[in-house]
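Student: The structure's right below; bear with me while I get my questions together.
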Amino acid sequence: MFAYLSKKLEMSSGANVRCLAWSPTNNYLACGCDNGLLKVLKIDSYKSTQPEDDTNNTGNQLPVGYLASPSNILLNQTLEGHSCPIQVIAWNNIYNKLTTSDSRGLIVVWMLYKGSWYEEMVNNRNKSNVRGLAWSSDGEKICIVYEDGGVIVGSSDGNRLWSKELRGPQLTGVCWSPNSASLLFSHNTGEVHVYDAEGTYVTKLSLDGAGRSGTDVDAITRLSWHNSEDSQNLGNSLAIVFRENALYLLNGIYDACPIVTSTGLIATCGEWSPSGLFFAIGGSPYGASLDSMGKVRIFGSNGNLLYDLNLPLKRVVDLAWDSWNLRLAIGVGANVFFANIRPFYKACFYGGYMYLYVYTKNVSTQLAFWDQEKVNLQEIPGKVIELKGNQDVCAILTEVNHSCTIAITNVHGNAIDSIKLESILPFTIALTETIVVAVGKNGVMLWRYHKGTGTSRTDQGIRRDKIFHIDDESTSSNSDIAGQTLKSTKDPCICADAKENVLVIGRESGTLNVYSLPHGTLLNIMTTSEGGPGARRIFLNMDGTQLAMLDSGGSLSTCHLGQQSRAVTKQYDKKDIWDLLWARDNPNLFCIIEKTRLYIIMNGEMQDPIVSSGYLLNFLDLEVTTILLDELMRDPESPNQHLVVKYEARSLRDTRALLKSETSLDDIFKYVEDNGHPILWQMLARKALYTLNFKIAEASFVRCRDYCGVQFTKRVAAQNKSLIQMAEITAFYNDFRSADSYYRQAGRKDLVMEMWTLLGKWQFVDIESIREAHAELSEDTMRSVYAEIGDAFTEDSDWAAAKPFYELSCEHKKIYECSLILEDYIGLGNLVSQLPEESDLFEKIGNVLASVGLCEIAVTAYVSGGMYEEAVECCISLNRWNLAMELAQDYNLPSSGRVMVMYASHLISQDEIMQAIDVFTTCSRPFYGAVIAVMLGLKFLESDEFNVILVRKLFSLAAILVKPSSHLIPEQMKPQASLDELFEYYMPPVLVPPVDVVDWIQCDPWRGVNAINCFISVQRKIYTKEYREAIRRGVYLLEYIDILGEERVGCIIGLTAANWEAFHVASQAFMLLEAFDPTYAKISSQLFSDLDPVDLVDIQLESVHTED
């Protein structure tokens, strides 16, 4: 982390600031002073800007970031209500209220109305001073503590909920738990007591780790429990700041092992950042004189010191964070200083286009791989310590349970190599093209990694790492102590950087150890400062010959690496520099960011500043790439490409402006020579070529060492036509459309065709030009040309344009693919007629057409390919039974029987019975039609009310169908075993005949007709009351009982016999009915209770039967 003072705000009338509070929701800053002055300032909120056209090439129209954007004060209102020093200020962020209290105990609640603040409520206990105010996280309750032990808890609408008098040590502060369920009270003896939300005592925090004495010296200055819902710190969120040199960090009221950190301050204030990642403490140096200047120290959530910020005035009284965690308001004397915070995010740029950054989601650590189009998120265990990237890969240093691992990942986010570190605990790494350097406080490890480029690993089983102690001054390259425990050192390492052949490590004393790579041989120990700390961050240039150094205050110095023991450094007058990056293509070019200004330094000369608060990621071709990480981290899962901002160096901007102007090329040549860089020479060479100034073009290519450009210039200069020269030049710079135009103007259509064919851009080839250039082309050659053109359109996914050329080239498979993608099914049908007999596309086309319901065309494809069974199946699946039958019969397929039965079953399911019978008749299988007619008639006979005429017609139809016909052979009239099985499988069960029915259909087809005729005859005699004839004929029905049914026959005979007084016959009929249905017994008993079962008439049934 780095921090610096950005601006100062002075209170009116010289009033000294007593307290500060910054609202995170609407960016209001409240300042309370010792004379009762209360100011509320509205700081202009940052609005992200989109990139605009940089018309002046200054970069000023590009997004500059949160800290670099103007922070105007939109509201500066003085609130009148206090007349004595204001001691406490608290914000209610839920209801947007401000609560203040002064030394006389007056409490005022302020509300915002139409852009201004007004007094809403006033409370004055008139007994004691207010020592603390705290709103609950839900904004519903406020707790007020007084110096004499009084505690009042009220609601947001001003009602008192409860009050209590706490006897004992003096109260110094109060805070709510994040869930608003507990209250913490601090005392001047260093104790913290916990109560619930109703005022019941719960416990006392265990704070004995620092040996508190229980006196006023151990008074607690600040009690703060971070309660943000979107906090990135879900661990130690309760901070207790003691007045003298102690900070306790706990993860709850029952944390038995809090983190205890020495603050080094006589603390006067402390505050969590809104994210919960940082805790700032203000005061004066511990043990220093009373005249010492104020200081703010910023700690991490685990108690580690991140930065010391020195202030120009004494006595820091209060501080407050803004909502972005990037600004700190500090009250000192009559001033409010604003400090900008620059967190050192874990981010890097590698592979030429990939951005990698780390963020925290819930409790887990997330890696985000972003290529400005899509983001790939990965969750990893532990925490990330450092990221470093180069042109190919990225190295990630992680720590899990005090064990570190280095992983090498490619641009796809896949790990391709890794190593677990056991002997050292590194705090940083450096990455070269072949080596990863891990640097700990007392040791260094060199690891030769694999890039995973497909090369075989021949060093398996061979160690690829080397570890040595930082105090080892041996110049031997064999000082490897891997596996040994490293001794501590009095001069630990604090920074490092490496290039391909050199490694530089900075130490606490200010010395620099220079090693060679890849062997790690100590080359030199250099001293850069006399006394005091030296460089805290170091940066090597592209070839490892120069070193840039930043100290703890952000001062910059550079030096050349050599054999001298004391480095000759060049000091720069800039301070508060927090980021630096060397160019990748120029060893004398680097850029820095000082506060919110970006400087590019060439050969020690500093160019004009550019306003920016982005982080430096890449410097190539005089273009600096920055990324607005502050904005990115607010929504890390949805990055915006506008967050990547590029700035041009002055020489690049000036050269571009000169090339656009009417300045002569000779003058531009002199300017570029004074600011020599390969990209500038390339720009000048291009301009010279377009103006056909081949002398300057060749000289420019020579300066930038472009041998291909030199040869091209000579070849073009030898051309005698300017149009051809321009065509060659535009083609050289990939402007092929313009080259096409120039060639055509020169009348060289052959060169047009040659250019496009060499590029493989056949879609731009003019067919007429081909024919004119090569009039004698054969048909095969033209087909190949058409195929190439079609392939070119296919590569661009222009299938509609590619298909006509494939048709001209007779590329049937490609026509099929294009038609399929275009869903041109009619075109697929037309393709069938063009296919050769042995083509395998018939089946594919048929399957596609069948899947979309085009039955006729699909059948045509199947039949053309000789796949008749597939054609029939297609018809069946699409319910085209007529066509299926036609196919089965026309090609005499083995499946014709199955198709016939399935078709008939389908018709029956549609209640088209006669059509089903007609199918069997048409297919010369009348027997099965007769079976259907008979079974349907039998089904009708099962009903009590049936159409007897319809049943006789069905039986008559069956008899006629079974009767021999002249055009049928006997085998066709009889059932077949294979068809019987199909009939039973596909037909409804009610239409499958039993064996006895099949027998009489085959042997006596008119039997059913006779049964119905007899039944009709009996019915007629009964209606005319000719019972004698009815009984004579009714007895004959017994032979057709299997057709007419036992109940029906028995009822007719019984009814007729009883009416004719043939009671013996009637009794026999009723015996038959009783066997069928017991309910007939009641009728029988009523009938024969008074009558004997004796015939009263003379009848000879047997003779009647014989006669009939």
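Residue numbers start at 1 in each chain; chains themselves are named A, B, ... in the order of the structure tokens; ligands are numbered from 1 in the order shown.
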Please identify all polymer residues within 6 Å of region 1002-1017 of chain A, counting only C-alpha atoms, omitting same-chain residues fewer than 4 positions from it, and present them as a ChimeraX atom specification.
Tutor: /A:952,955-956,959,1040
Student: In Å, with one decimal, what is the gap from CA of Gly190 (chain A) to CA of Thr100 (chain A)?
Tutor: 25.3 Å
Student: Could you pull the residues within 7 Å of region 611-616 of chain A, counting only C-alpha atoms, minus those fewer than 4 positions along the same chain, as a PDB file with C-alpha atoms, in the first residue's frame?
Tutor:
```pdb
ATOM      1  CA  ASN A  60      -6.958  14.021 -21.423  1.00  0.00           C
ATOM      2  CA  VAL A  64      -8.795   8.920 -15.451  1.00  0.00           C
ATOM      3  CA  GLY A  65     -10.231   6.978 -12.514  1.00  0.00           C
ATOM      4  CA  LEU A  67      -8.899   9.536  -7.453  1.00  0.00           C
ATOM      5  CA  ALA A  68      -7.847  11.531 -10.502  1.00  0.00           C
ATOM      6  CA  ASP A 579       3.942   2.915  -9.470  1.00  0.00           C
ATOM      7  CA  LEU A 581       7.140   0.455 -15.229  1.00  0.00           C
ATOM      8  CA  THR A 596      -2.573  11.249 -10.003  1.00  0.00           C
ATOM      9  CA  ARG A 597      -0.111  12.219 -12.753  1.00  0.00           C
ATOM     10  CA  LEU A 598       1.475   9.873 -15.244  1.00  0.00           C
ATOM     11  CA  THR A 625      -1.398   0.515 -20.867  1.00  0.00           C
ATOM     12  CA  THR A 626      -3.096   1.163 -17.556  1.00  0.00           C
ATOM     13  CA  ILE A 627      -6.080  -0.408 -15.875  1.00  0.00           C
ATOM     14  CA  LEU A 628      -8.454   1.288 -13.446  1.00  0.00           C
ATOM     15  CA  LEU A 629      -8.287  -1.365 -10.747  1.00  0.00           C
TER      16      LEU A 629
END
```
Student: Neighbours of Ile396 (chain A) within 9 Å (only C-alpha atoms; same-chain residues fewer than 5 positions away dropped), as a ChimeraX atom specification?
Tutor: /A:384-389,405-409,429
Student: If you keep all heavy atoms, can you produce a file of those selected residues as a short mmCIF file (atom, residue, chain, number, x, y, z; two decimals), in the first residue's frame?
Tutor:
```cif
data_model
loop_
_atom_site.label_atom_id
_atom_site.label_comp_id
_atom_site.auth_asym_id
_atom_site.auth_seq_id
_atom_site.Cartn_x
_atom_site.Cartn_y
_atom_site.Cartn_z
N VAL A 384 -3.52 -15.34 -2.20
CA VAL A 384 -2.51 -15.04 -3.21
C VAL A 384 -1.57 -13.97 -2.66
O VAL A 384 -1.99 -12.92 -2.19
CB VAL A 384 -3.16 -14.55 -4.51
CG1 VAL A 384 -2.10 -14.14 -5.53
CG2 VAL A 384 -4.06 -15.63 -5.10
N ILE A 385 -0.28 -14.26 -2.72
CA ILE A 385 0.73 -13.32 -2.22
C ILE A 385 1.24 -12.43 -3.34
O ILE A 385 1.44 -11.22 -3.15
CB ILE A 385 1.89 -14.10 -1.56
CG1 ILE A 385 1.36 -14.93 -0.39
CG2 ILE A 385 2.98 -13.14 -1.09
CD1 ILE A 385 2.41 -15.79 0.26
N GLU A 386 1.47 -13.00 -4.53
CA GLU A 386 2.06 -12.22 -5.61
C GLU A 386 1.70 -12.82 -6.95
O GLU A 386 1.50 -14.04 -7.08
CB GLU A 386 3.59 -12.20 -5.44
CG GLU A 386 4.33 -11.27 -6.39
CD GLU A 386 4.17 -9.81 -6.05
OE1 GLU A 386 3.16 -9.25 -6.52
OE2 GLU A 386 5.00 -9.24 -5.34
N LEU A 387 1.58 -11.95 -7.97
CA LEU A 387 1.38 -12.35 -9.37
C LEU A 387 2.46 -11.69 -10.21
O LEU A 387 2.74 -10.51 -10.04
CB LEU A 387 0.01 -11.92 -9.88
CG LEU A 387 -1.25 -12.44 -9.19
CD1 LEU A 387 -2.47 -11.78 -9.81
CD2 LEU A 387 -1.36 -13.94 -9.32
N LYS A 388 3.03 -12.43 -11.13
CA LYS A 388 3.98 -11.87 -12.09
C LYS A 388 3.74 -12.52 -13.44
O LYS A 388 3.49 -13.73 -13.53
CB LYS A 388 5.43 -12.12 -11.64
CG LYS A 388 5.86 -11.27 -10.45
CD LYS A 388 5.91 -9.79 -10.80
CE LYS A 388 6.21 -8.92 -9.60
NZ LYS A 388 7.55 -9.11 -9.05
N GLY A 389 3.83 -11.73 -14.51
CA GLY A 389 3.59 -12.26 -15.85
C GLY A 389 4.65 -11.80 -16.83
O GLY A 389 5.31 -10.78 -16.63
N THR A 405 3.12 -22.19 -2.50
CA THR A 405 3.19 -22.89 -3.78
C THR A 405 3.28 -21.88 -4.91
O THR A 405 2.63 -20.83 -4.85
CB THR A 405 1.96 -23.79 -3.99
OG1 THR A 405 1.87 -24.73 -2.93
CG2 THR A 405 2.05 -24.55 -5.31
N ILE A 406 4.09 -22.18 -5.91
CA ILE A 406 4.18 -21.36 -7.12
C ILE A 406 3.60 -22.17 -8.27
O ILE A 406 4.03 -23.30 -8.52
CB ILE A 406 5.62 -20.94 -7.43
CG1 ILE A 406 6.21 -20.13 -6.27
CG2 ILE A 406 5.68 -20.13 -8.72
CD1 ILE A 406 7.66 -19.76 -6.47
N ALA A 407 2.63 -21.59 -8.97
CA ALA A 407 2.01 -22.24 -10.12
C ALA A 407 2.24 -21.40 -11.36
O ALA A 407 2.15 -20.17 -11.32
CB ALA A 407 0.51 -22.45 -9.89
N ILE A 408 2.53 -22.06 -12.46
CA ILE A 408 2.70 -21.41 -13.76
C ILE A 408 1.45 -21.69 -14.59
O ILE A 408 1.05 -22.84 -14.76
CB ILE A 408 3.94 -21.93 -14.50
CG1 ILE A 408 5.19 -21.75 -13.63
CG2 ILE A 408 4.11 -21.21 -15.83
CD1 ILE A 408 5.53 -20.32 -13.32
N THR A 409 0.80 -20.63 -15.06
CA THR A 409 -0.42 -20.79 -15.85
C THR A 409 -0.23 -20.17 -17.23
O THR A 409 0.52 -19.20 -17.39
CB THR A 409 -1.62 -20.12 -15.15
OG1 THR A 409 -1.37 -18.71 -15.04
CG2 THR A 409 -1.84 -20.70 -13.77
N ILE A 429 7.93 -12.69 -5.66
CA ILE A 429 8.56 -13.50 -6.69
C ILE A 429 8.93 -12.59 -7.85
O ILE A 429 8.42 -11.48 -8.00
CB ILE A 429 7.64 -14.63 -7.20
CG1 ILE A 429 6.32 -14.05 -7.72
CG2 ILE A 429 7.42 -15.68 -6.14
CD1 ILE A 429 5.41 -15.10 -8.35
#
```
Student: Nearest to Ile1041 (chain A) among A:Leu1072, A:Pro274, A:Leu37, A:Pro804, with distances taken over only C-alpha atoms: which residue is it?
Tutor: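 Of A:Leu1072, A:Pro274, A:Leu37, A:Pro804, the one nearest Ile1041 (chain A), counting only C-alpha atoms, is A:Leu1072.
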Student: Near region 1023-1039 of chain A, counting only C-alpha atoms, which residues have an atom at most 6 Å away, once you skip same-chain residues fewer than 5 positions from it, shown as a ChimeraX atom specification?
Tutor: /A:1018,1053,1056,1060,1104
Student: Check region 233-323 of chain A with DSSP on the backbone and list each residue it calls strand (DSSP E), as a ChimeraX atom specification.
Tutor: /A:238-242,246-250,259-261,265-272,278-285,295-300,305-310,316-321
